[in-house]
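*Asks:* Input structure: data.cif, which contains mmCIF, C-alpha atoms.
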```
data_input
#
loop_
_atom_site.label_atom_id
_atom_site.label_comp_id
_atom_site.auth_asym_id
_atom_site.auth_seq_id
_atom_site.Cartn_x
_atom_site.Cartn_y
_atom_site.Cartn_z
CA MET U 1 -20.20 8.85 -44.85
CA THR U 2 -17.97 8.70 -47.95
CA VAL U 3 -18.79 12.34 -48.70
CA VAL U 4 -17.84 13.37 -45.13
CA CYS U 5 -14.51 11.58 -45.38
CA SER U 6 -13.79 13.20 -48.72
CA ARG U 7 -14.50 16.68 -47.34
CA LEU U 8 -12.28 16.07 -44.33
CA LYS U 9 -9.50 14.95 -46.61
CA ASP U 10 -9.81 18.20 -48.58
CA HIS U 11 -9.62 20.23 -45.36
CA PHE U 12 -6.39 18.57 -44.26
CA LEU U 13 -4.80 18.85 -47.70
CA THR U 14 -5.52 22.58 -47.88
CA GLY U 15 -4.35 23.18 -44.32
CA ASP U 16 -7.83 24.09 -43.08
CA MET U 17 -9.00 22.55 -39.82
CA PRO U 18 -12.55 21.19 -39.72
CA PRO U 19 -15.03 23.04 -37.54
CA PRO U 20 -15.51 21.67 -33.99
CA ASP U 21 -18.80 19.97 -34.78
CA THR U 22 -17.49 18.07 -37.83
CA MET U 23 -18.28 14.36 -37.77
CA TYR U 24 -15.37 11.96 -38.15
CA CYS U 25 -15.76 8.66 -39.93
CA SER U 26 -14.76 5.43 -38.23
CA GLN U 27 -11.78 4.98 -40.56
CA GLN U 28 -10.16 8.13 -39.15
CA ILE U 29 -10.44 7.30 -35.44
CA ASN U 30 -7.81 4.78 -34.38
CA ILE U 31 -8.54 3.50 -30.86
CA PRO U 32 -5.71 1.33 -29.48
CA PRO U 33 -7.20 -2.10 -28.81
CA GLU U 34 -5.76 -2.22 -25.27
CA LEU U 35 -7.15 1.20 -24.25
CA PRO U 36 -10.62 0.08 -23.07
CA ASP U 37 -9.17 -2.56 -20.75
CA ILE U 38 -6.53 -0.13 -19.39
CA LEU U 39 -9.22 2.41 -18.55
CA LYS U 40 -11.46 -0.27 -17.06
CA GLN U 41 -8.68 -1.56 -14.78
CA PHE U 42 -7.75 2.00 -13.80
CA THR U 43 -11.35 2.79 -12.86
CA LYS U 44 -11.68 -0.35 -10.75
CA ALA U 45 -8.36 0.42 -9.04
CA ALA U 46 -9.44 3.98 -8.24
CA ILE U 47 -12.70 2.76 -6.74
CA ARG U 48 -10.89 0.22 -4.53
CA THR U 49 -8.17 2.62 -3.43
CA GLN U 50 -10.29 5.78 -2.99
CA PRO U 51 -7.36 8.25 -3.29
CA PRO U 52 -8.09 11.73 -1.89
CA ASP U 53 -6.23 13.30 -4.82
CA VAL U 54 -7.25 11.35 -7.91
CA LEU U 55 -5.00 13.25 -10.31
CA GLN U 56 -1.87 12.79 -8.22
CA TRP U 57 -2.67 9.13 -7.66
CA ALA U 58 -3.44 8.63 -11.37
CA ALA U 59 0.00 9.99 -12.31
CA THR U 60 1.58 7.50 -9.90
CA TYR U 61 -0.61 4.68 -11.18
CA PHE U 62 0.23 5.13 -14.86
CA SER U 63 3.92 5.75 -14.12
CA ALA U 64 4.09 2.42 -12.25
CA LEU U 65 2.08 0.70 -14.98
CA SER U 66 4.45 1.91 -17.71
CA LYS U 67 7.51 0.74 -15.73
CA GLY U 68 6.07 -2.64 -14.76
CA GLU U 69 6.21 -1.73 -11.06
CA THR U 70 3.81 -2.68 -8.28
CA LEU U 71 0.71 -0.55 -8.70
CA PRO U 72 -0.45 1.78 -5.88
CA VAL U 73 -3.71 -0.13 -5.56
CA LYS U 74 -5.42 -1.67 -2.53
CA ASP U 75 -6.49 -5.29 -2.68
CA ARG U 76 -10.02 -4.31 -1.71
CA LEU U 77 -12.16 -1.34 -0.71
CA GLU U 78 -11.68 -0.42 2.96
CA MET U 79 -14.71 0.70 4.91
CA PRO U 80 -14.04 3.12 7.81
CA VAL U 81 -14.56 1.59 11.22
CA ALA U 82 -16.41 3.36 14.01
CA THR U 83 -13.21 4.26 15.86
CA GLN U 84 -11.37 5.56 12.80
CA LYS U 85 -10.93 9.28 12.32
CA THR U 86 -11.35 10.75 8.87
CA ASP U 87 -7.82 12.17 8.83
CA THR U 88 -5.82 9.14 9.96
CA GLY U 89 -4.02 8.91 6.62
CA LEU U 90 -2.36 5.50 6.74
CA THR U 91 -4.65 2.45 6.64
CA PRO U 92 -3.92 -1.29 6.68
CA GLY U 93 -4.69 -1.45 2.96
CA LEU U 94 -2.27 1.36 2.12
CA LEU U 95 0.44 -0.07 4.35
CA LYS U 96 0.07 -3.37 2.53
CA VAL U 97 0.59 -1.54 -0.77
CA LEU U 98 3.74 0.11 0.60
CA HIS U 99 5.01 -3.26 1.82
CA LYS U 100 4.53 -4.81 -1.62
CA GLN U 101 6.31 -1.88 -3.24
CA LEU U 102 9.23 -1.46 -0.86
CA SER U 103 10.00 -4.71 0.99
CA PRO U 104 11.89 -6.17 -2.02
CA LYS U 105 14.19 -3.11 -1.95
CA GLU U 106 15.50 -3.61 1.62
CA PRO U 107 17.16 -1.43 2.78
CA VAL U 108 14.87 1.32 1.49
CA MET U 109 16.19 4.77 0.68
CA LYS U 110 14.31 7.59 2.38
CA GLU U 111 13.81 9.34 -0.97
CA GLU U 112 12.13 6.24 -2.42
CA LEU U 113 9.87 5.88 0.62
CA LEU U 114 8.84 9.52 0.35
CA LYS U 115 8.03 9.06 -3.33
CA LYS U 116 5.82 6.02 -2.71
CA TRP U 117 4.20 7.69 0.31
CA LYS U 118 3.25 10.77 -1.72
CA GLY U 119 2.08 8.55 -4.56
CA LEU U 120 -0.58 7.16 -2.22
CA CYS U 121 -1.57 10.73 -1.25
CA LEU U 122 -0.57 10.15 2.38
CA PRO U 123 0.28 13.13 4.63
CA VAL U 124 4.02 13.83 4.73
CA GLU U 125 3.67 14.98 8.34
CA GLN U 126 2.71 11.45 9.35
CA LEU U 127 5.72 10.03 7.53
CA ASN U 128 8.06 12.49 9.26
CA THR U 129 6.63 11.53 12.65
CA LEU U 130 7.31 7.84 12.01
CA LEU U 131 10.82 8.55 10.74
CA ASP U 132 11.58 10.63 13.84
CA LEU U 133 10.21 7.94 16.18
CA GLY U 134 12.42 5.31 14.58
CA ASN U 135 15.41 7.63 14.30
CA PHE U 136 15.93 6.48 10.72
CA ASP U 137 18.67 7.84 8.49
CA GLU U 138 18.82 7.85 4.68
CA GLN U 139 18.81 4.05 4.56
CA ILE U 140 15.71 2.67 6.24
CA ASP U 141 15.27 -0.76 7.79
CA TRP U 142 11.96 -1.57 6.14
CA MET U 143 10.68 -4.06 8.71
CA GLY U 144 11.42 -1.58 11.48
CA PHE U 145 9.49 1.11 9.65
CA PHE U 146 6.72 -1.38 8.91
CA ALA U 147 6.46 -2.24 12.63
CA LEU U 148 6.21 1.44 13.56
CA SER U 149 3.56 1.96 10.90
CA CYS U 150 1.54 -0.90 12.37
CA SER U 151 1.77 0.81 15.75
CA ALA U 152 0.31 3.92 14.13
CA LEU U 153 -2.69 1.80 13.13
CA GLY U 154 -3.19 0.32 16.61
CA GLY U 155 -2.73 1.98 19.98
CA THR U 156 -0.93 -0.94 21.65
CA ILE U 157 1.84 -3.34 20.69
CA ILE U 158 -0.68 -6.20 20.64
CA SER U 159 -2.91 -4.25 18.23
CA ALA U 160 0.10 -3.40 16.07
CA LEU U 161 1.11 -7.07 15.88
CA LYS U 162 -2.42 -8.07 14.96
CA HIS U 163 -2.35 -5.57 12.10
CA ALA U 164 1.05 -6.91 11.03
CA CYS U 165 -0.27 -10.47 10.88
CA GLU U 166 -3.31 -9.43 8.84
CA ILE U 167 -1.15 -7.47 6.38
CA LEU U 168 1.70 -9.96 5.97
CA THR U 169 -0.26 -13.22 6.00
CA GLU U 170 -0.66 -15.38 2.93
CA ASP U 171 -3.82 -16.90 4.36
CA PRO U 172 -7.09 -15.99 2.59
CA GLU U 173 -9.01 -13.00 3.88
CA GLY U 174 -10.86 -13.91 7.05
CA GLY U 175 -8.48 -16.78 7.74
CA ALA U 176 -6.10 -17.36 10.65
CA ALA U 177 -3.70 -14.59 9.49
CA ARG U 178 -0.60 -16.66 10.21
CA ILE U 179 2.94 -15.37 9.69
CA PRO U 180 6.35 -16.96 10.35
CA PHE U 181 7.30 -16.74 14.01
CA ASP U 182 10.74 -15.36 13.10
CA THR U 183 9.06 -12.38 11.41
CA PHE U 184 6.81 -11.91 14.44
CA VAL U 185 9.81 -11.93 16.79
CA THR U 186 11.55 -9.28 14.69
CA LEU U 187 8.50 -6.99 14.74
CA TYR U 188 7.67 -7.52 18.41
CA THR U 189 11.25 -7.09 19.62
CA TYR U 190 11.65 -3.88 17.64
CA LEU U 191 8.48 -2.33 19.11
CA ALA U 192 9.09 -3.62 22.62
CA LYS U 193 12.58 -2.14 22.76
CA LEU U 194 11.24 1.24 21.68
CA ASP U 195 8.97 1.10 24.72
CA GLU U 196 11.28 1.77 27.65
CA ASP U 197 8.63 0.46 30.07
CA ILE U 198 9.02 -3.14 28.87
CA PRO U 199 12.01 -4.88 30.50
CA GLN U 200 13.96 -7.59 28.71
CA ASP U 201 12.69 -10.37 30.98
CA GLN U 202 9.10 -9.47 30.06
CA ILE U 203 10.00 -9.58 26.36
CA ASP U 204 11.58 -13.01 26.80
CA SER U 205 8.63 -14.28 28.84
CA PHE U 206 6.11 -13.15 26.23
CA LEU U 207 7.97 -14.87 23.39
CA LEU U 208 8.44 -18.03 25.48
CA SER U 209 4.69 -18.20 26.12
CA LEU U 210 4.13 -18.53 22.38
CA GLN U 211 6.52 -21.43 21.79
CA GLU U 212 3.95 -24.20 22.31
CA PRO U 213 1.29 -22.95 19.86
CA VAL U 214 3.99 -21.98 17.37
CA GLN U 215 5.37 -25.52 17.40
CA ARG U 216 1.86 -26.95 16.87
CA GLN U 217 1.37 -24.59 13.93
CA GLY U 218 4.57 -25.47 12.10
CA GLY U 219 6.57 -22.40 13.07
CA MET U 220 3.71 -19.98 12.42
CA VAL U 221 1.99 -17.56 14.80
CA GLN U 222 -1.48 -16.05 14.49
CA PRO U 223 -3.39 -13.31 16.36
CA THR U 224 -5.44 -15.76 18.44
CA ASN U 225 -2.18 -16.96 20.00
CA PHE U 226 -1.36 -13.60 21.57
CA THR U 227 -4.37 -11.28 21.63
CA GLY U 228 -5.63 -12.88 24.84
CA LEU U 229 -2.31 -12.44 26.62
CA SER U 230 -1.46 -9.60 28.99
CA ARG U 231 0.27 -6.49 27.70
CA SER U 232 3.66 -7.23 26.16
#
```
For the structure just supplied, provide its representation as structure tokens.
*Replies:*
Amino acid sequence: MTVVCSRLKDHFLTGDMPPPDTMYCSQQINIPPELPDILKQFTKAAIRTQPPDVLQWAATYFSALSKGETLPVKDRLEMPVATQKTDTGLTPGLLKVLHKQLSPKEPVMKEELLKKWKGLCLPVEQLNTLLDLGNFDEQIDWMGFFALSCSALGGTIISALKHACEILTEDPEGGAARIPFDTFVTLYTYLAKLDEDIPQDQIDSFLLSLQEPVQRQGGMVQPTNFTGLSRS
């Protein structure tokens, strides 16, 4: 090994590059001590997130990592359900990532939302559809956009609210999926008013029907409180 190192040293001193199959000694290869763990965490994140464009997602991942920003990584691997199409784009896991990234920046600039959306390899056409539905301008009300995104995950307002609870809850996975009632009211009212078929008295009646369980649950609401109710 000493002989190999000596020959390599002579090559570099004379300006000659070693042939491609030259063996390097361990003293010459400096591997940053943090590199193995960085690559391990990146691999685990890619497996959980399953990005359709790994290179584009990797660029976003390492950019966020270097800036200390929230990583574009799902909490867990999502398995497609029987009713899910392969081209749906947005998923509950990806919406949760977006919420973590953007909710602290309320109001969110459209340019920033587009950047995060592309970073998760989501179709821009779907984003434009949501922006048009909400009639958003350059400054976006994040919770309004979040509510619309939940409606894209579920076909009804009740389904959208169930998704919202499961994404926003601090309960452990598989738990009650509780969220503050004030947050629920904001999301429900936004979606209900977009639906011109729901009159104000029906909105008020639906929210009033939840008051009793909400009081029992310390100001929190959970999907079991409203999924059995008639359409809101």
*Asks:* For segment 199-213 of chain U, please output as a PyMOL selection string all residues within 12 Å (counting only C-alpha atoms; exclusion window: fewer than 3 positions along the same chain).
*Replies:* chain U and resi 157-158+178+181-182+184-196+216-232
*Asks:* Write out as a list of chain:residue names the residues lying within 12 Å of Gly154 of chain U, counting all atoms listed in the file and excluding same-chain residues fewer than 5 positions away.
*Replies:*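 Skipping anything fewer than 5 positions along the chain leaves U:Thr83, U:Gln84, U:Thr88, U:Leu90, U:Thr91, U:Pro92, U:Ala147, U:Leu148, U:Ser149, U:Ser159, U:Ala160, U:Leu161, U:Lys162, U:His163, U:Ala164.
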*Asks:* Any idea what's packed within 10 Å of Leu131 of chain U, counting only C-alpha atoms, ignoring anything in its chain fewer than 2 positions away? Could you give it as a VMD selection string?
*Replies:* chain U and resid 110 125 to 129 133 to 137 140 145 148 to 149
*Asks:* Could those selected residues go to a file with C-alpha atoms, as a PDB file, keeping the file's coordinate frame?
*Replies:*
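That gives us again-v8.pdb:
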```
ATOM      1  CA  LYS U 110      14.310   7.590   2.380  1.00  0.00           C
ATOM      2  CA  GLU U 125       3.670  14.980   8.340  1.00  0.00           C
ATOM      3  CA  GLN U 126       2.710  11.450   9.350  1.00  0.00           C
ATOM      4  CA  LEU U 127       5.720  10.030   7.530  1.00  0.00           C
ATOM      5  CA  ASN U 128       8.060  12.490   9.260  1.00  0.00           C
ATOM      6  CA  THR U 129       6.630  11.530  12.650  1.00  0.00           C
ATOM      7  CA  LEU U 133      10.210   7.940  16.180  1.00  0.00           C
ATOM      8  CA  GLY U 134      12.420   5.310  14.580  1.00  0.00           C
ATOM      9  CA  ASN U 135      15.410   7.630  14.300  1.00  0.00           C
ATOM     10  CA  PHE U 136      15.930   6.480  10.720  1.00  0.00           C
ATOM     11  CA  ASP U 137      18.670   7.840   8.490  1.00  0.00           C
ATOM     12  CA  ILE U 140      15.710   2.670   6.240  1.00  0.00           C
ATOM     13  CA  PHE U 145       9.490   1.110   9.650  1.00  0.00           C
ATOM     14  CA  LEU U 148       6.210   1.440  13.560  1.00  0.00           C
ATOM     15  CA  SER U 149       3.560   1.960  10.900  1.00  0.00           C
TER      16      SER U 149
END
```
*Asks:* Name every residue that the PyMOL selection byres ((chain U and resi 107) around 7) selects in this structure, writing the answer as an mmCIF file with C-alpha atoms, in the frame of the given file with chains first and numbers rising.
*Replies:*
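The result, written out as part_27.cif:
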```
data_model
loop_
_atom_site.group_PDB
_atom_site.id
_atom_site.type_symbol
_atom_site.label_atom_id
_atom_site.label_comp_id
_atom_site.auth_asym_id
_atom_site.auth_seq_id
_atom_site.Cartn_x
_atom_site.Cartn_y
_atom_site.Cartn_z
ATOM 1 C CA LYS U 105 14.190 -3.110 -1.950
ATOM 2 C CA GLU U 106 15.500 -3.610 1.620
ATOM 3 C CA VAL U 108 14.870 1.320 1.490
ATOM 4 C CA MET U 109 16.190 4.770 0.680
ATOM 5 C CA GLN U 139 18.810 4.050 4.560
ATOM 6 C CA ILE U 140 15.710 2.670 6.240
ATOM 7 C CA ASP U 141 15.270 -0.760 7.790
ATOM 8 C CA TRP U 142 11.960 -1.570 6.140
#
```
*Asks:* With distances taken over all atoms listed in the file, which residue among U:Leu94, U:Glu138, U:Pro172, U:Pro33 lies nearest Glu112 of chain U?
*Replies:*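 Residue with the minimum atom-to-atom distance to Glu112 of chain U: U:Glu138.
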*Asks:* Report as a PyMOL selection string the residues that result from applying the PyMOL selection byres ((chain U and resi 50-61) around 12) to the structure here.
*Replies:* chain U and resi 38-39+41-49+62-80+86-87+89-91+93-94+115-123
*Asks:* Enclose all atoms of segment 97-106 of chain U listed in the file in an axis-aligned box, grow every side by 3 Å, and hand back centre and edge lengths in Å to one decimal, as AutoDock Vina command-line options.
*Replies:*
```
--center_x 8.0 --center_y -3.0 --center_z -0.7 --size_x 20.9 --size_y 12.3 --size_z 11.1
```
*Asks:* Find, counting only C-alpha atoms, the residue in U:Asp132, U:Lys96, U:Leu113, U:Ala177 that gets nearest to Cys150 of chain U.
*Replies:* U:Lys96
*Asks:* Provide segment 167-178 of chain U rebuilt to all heavy atoms, formatted as a PDB file, in the frame of the given file.
*Replies:*
```
ATOM      1  N   ILE U 167      -1.738  -8.043   7.595  1.00  0.00           N
ATOM      2  CA  ILE U 167      -1.150  -7.470   6.380  1.00  0.00           C
ATOM      3  C   ILE U 167      -0.179  -8.437   5.718  1.00  0.00           C
ATOM      4  O   ILE U 167      -0.167  -8.587   4.494  1.00  0.00           O
ATOM      5  CB  ILE U 167      -0.441  -6.141   6.710  1.00  0.00           C
ATOM      6  CG1 ILE U 167      -1.463  -5.072   7.106  1.00  0.00           C
ATOM      7  CG2 ILE U 167       0.386  -5.650   5.516  1.00  0.00           C
ATOM      8  CD1 ILE U 167      -0.852  -3.810   7.676  1.00  0.00           C
ATOM      9  N   LEU U 168       0.626  -9.120   6.514  1.00  0.00           N
ATOM     10  CA  LEU U 168       1.700  -9.960   5.970  1.00  0.00           C
ATOM     11  C   LEU U 168       1.259 -11.380   5.624  1.00  0.00           C
ATOM     12  O   LEU U 168       1.937 -12.064   4.872  1.00  0.00           O
ATOM     13  CB  LEU U 168       2.850 -10.043   6.977  1.00  0.00           C
ATOM     14  CG  LEU U 168       3.568  -8.736   7.311  1.00  0.00           C
ATOM     15  CD1 LEU U 168       4.628  -8.980   8.379  1.00  0.00           C
ATOM     16  CD2 LEU U 168       4.198  -8.134   6.068  1.00  0.00           C
ATOM     17  N   THR U 169       0.135 -11.834   6.182  1.00  0.00           N
ATOM     18  CA  THR U 169      -0.260 -13.220   6.000  1.00  0.00           C
ATOM     19  C   THR U 169      -0.517 -13.587   4.537  1.00  0.00           C
ATOM     20  O   THR U 169      -0.907 -12.740   3.735  1.00  0.00           O
ATOM     21  CB  THR U 169      -1.519 -13.543   6.823  1.00  0.00           C
ATOM     22  OG1 THR U 169      -1.766 -14.948   6.767  1.00  0.00           O
ATOM     23  CG2 THR U 169      -2.739 -12.791   6.280  1.00  0.00           C
ATOM     24  N   GLU U 170      -0.291 -14.842   4.239  1.00  0.00           N
ATOM     25  CA  GLU U 170      -0.660 -15.380   2.930  1.00  0.00           C
ATOM     26  C   GLU U 170      -1.947 -16.184   3.018  1.00  0.00           C
ATOM     27  O   GLU U 170      -2.392 -16.753   2.021  1.00  0.00           O
ATOM     28  CB  GLU U 170       0.477 -16.243   2.376  1.00  0.00           C
ATOM     29  CG  GLU U 170       1.751 -15.441   2.089  1.00  0.00           C
ATOM     30  CD  GLU U 170       2.842 -16.285   1.465  1.00  0.00           C
ATOM     31  OE1 GLU U 170       2.587 -17.494   1.207  1.00  0.00           O
ATOM     32  OE2 GLU U 170       3.941 -15.765   1.230  1.00  0.00           O
ATOM     33  N   ASP U 171      -2.532 -16.230   4.207  1.00  0.00           N
ATOM     34  CA  ASP U 171      -3.820 -16.900   4.360  1.00  0.00           C
ATOM     35  C   ASP U 171      -4.907 -16.088   3.652  1.00  0.00           C
ATOM     36  O   ASP U 171      -4.785 -14.865   3.508  1.00  0.00           O
ATOM     37  CB  ASP U 171      -4.188 -17.028   5.843  1.00  0.00           C
ATOM     38  CG  ASP U 171      -3.305 -18.022   6.574  1.00  0.00           C
ATOM     39  OD1 ASP U 171      -2.744 -18.913   5.906  1.00  0.00           O
ATOM     40  OD2 ASP U 171      -3.157 -17.895   7.810  1.00  0.00           O
ATOM     41  N   PRO U 172      -5.994 -16.737   3.219  1.00  0.00           N
ATOM     42  CA  PRO U 172      -7.090 -15.990   2.590  1.00  0.00           C
ATOM     43  C   PRO U 172      -7.725 -15.025   3.573  1.00  0.00           C
ATOM     44  O   PRO U 172      -7.636 -15.202   4.795  1.00  0.00           O
ATOM     45  CB  PRO U 172      -8.067 -17.090   2.163  1.00  0.00           C
ATOM     46  CG  PRO U 172      -7.741 -18.259   3.031  1.00  0.00           C
ATOM     47  CD  PRO U 172      -6.266 -18.185   3.287  1.00  0.00           C
ATOM     48  N   GLU U 173      -8.355 -13.998   3.035  1.00  0.00           N
ATOM     49  CA  GLU U 173      -9.010 -13.000   3.880  1.00  0.00           C
ATOM     50  C   GLU U 173     -10.031 -13.672   4.802  1.00  0.00           C
ATOM     51  O   GLU U 173     -10.819 -14.507   4.378  1.00  0.00           O
ATOM     52  CB  GLU U 173      -9.720 -11.962   2.999  1.00  0.00           C
ATOM     53  CG  GLU U 173     -10.350 -10.832   3.779  1.00  0.00           C
ATOM     54  CD  GLU U 173     -11.017  -9.821   2.878  1.00  0.00           C
ATOM     55  OE1 GLU U 173     -10.791  -9.875   1.653  1.00  0.00           O
ATOM     56  OE2 GLU U 173     -11.772  -8.975   3.393  1.00  0.00           O
ATOM     57  N   GLY U 174      -9.980 -13.298   6.072  1.00  0.00           N
ATOM     58  CA  GLY U 174     -10.860 -13.910   7.050  1.00  0.00           C
ATOM     59  C   GLY U 174     -10.305 -15.172   7.659  1.00  0.00           C
ATOM     60  O   GLY U 174     -10.932 -15.772   8.534  1.00  0.00           O
ATOM     61  N   GLY U 175      -9.102 -15.577   7.227  1.00  0.00           N
ATOM     62  CA  GLY U 175      -8.480 -16.780   7.740  1.00  0.00           C
ATOM     63  C   GLY U 175      -7.726 -16.520   9.037  1.00  0.00           C
ATOM     64  O   GLY U 175      -7.915 -15.498   9.708  1.00  0.00           O
ATOM     65  N   ALA U 176      -6.812 -17.438   9.366  1.00  0.00           N
ATOM     66  CA  ALA U 176      -6.100 -17.360  10.650  1.00  0.00           C
ATOM     67  C   ALA U 176      -5.099 -16.213  10.706  1.00  0.00           C
ATOM     68  O   ALA U 176      -4.694 -15.804  11.784  1.00  0.00           O
ATOM     69  CB  ALA U 176      -5.389 -18.683  10.920  1.00  0.00           C
ATOM     70  N   ALA U 177      -4.685 -15.689   9.561  1.00  0.00           N
ATOM     71  CA  ALA U 177      -3.700 -14.590   9.490  1.00  0.00           C
ATOM     72  C   ALA U 177      -2.367 -15.007  10.103  1.00  0.00           C
ATOM     73  O   ALA U 177      -1.780 -14.297  10.912  1.00  0.00           O
ATOM     74  CB  ALA U 177      -4.245 -13.324  10.163  1.00  0.00           C
ATOM     75  N   ARG U 178      -1.872 -16.157   9.692  1.00  0.00           N
ATOM     76  CA  ARG U 178      -0.600 -16.660  10.210  1.00  0.00           C
ATOM     77  C   ARG U 178       0.579 -16.001   9.501  1.00  0.00           C
ATOM     78  O   ARG U 178       0.521 -15.702   8.311  1.00  0.00           O
ATOM     79  CB  ARG U 178      -0.518 -18.168  10.018  1.00  0.00           C
ATOM     80  CG  ARG U 178      -1.559 -18.980  10.770  1.00  0.00           C
ATOM     81  CD  ARG U 178      -1.617 -20.398  10.250  1.00  0.00           C
ATOM     82  NE  ARG U 178      -2.004 -20.428   8.835  1.00  0.00           N
ATOM     83  CZ  ARG U 178      -2.014 -21.523   8.080  1.00  0.00           C
ATOM     84  NH1 ARG U 178      -1.640 -22.685   8.601  1.00  0.00           N
ATOM     85  NH2 ARG U 178      -2.394 -21.461   6.812  1.00  0.00           N
TER      86      ARG U 178
END
```
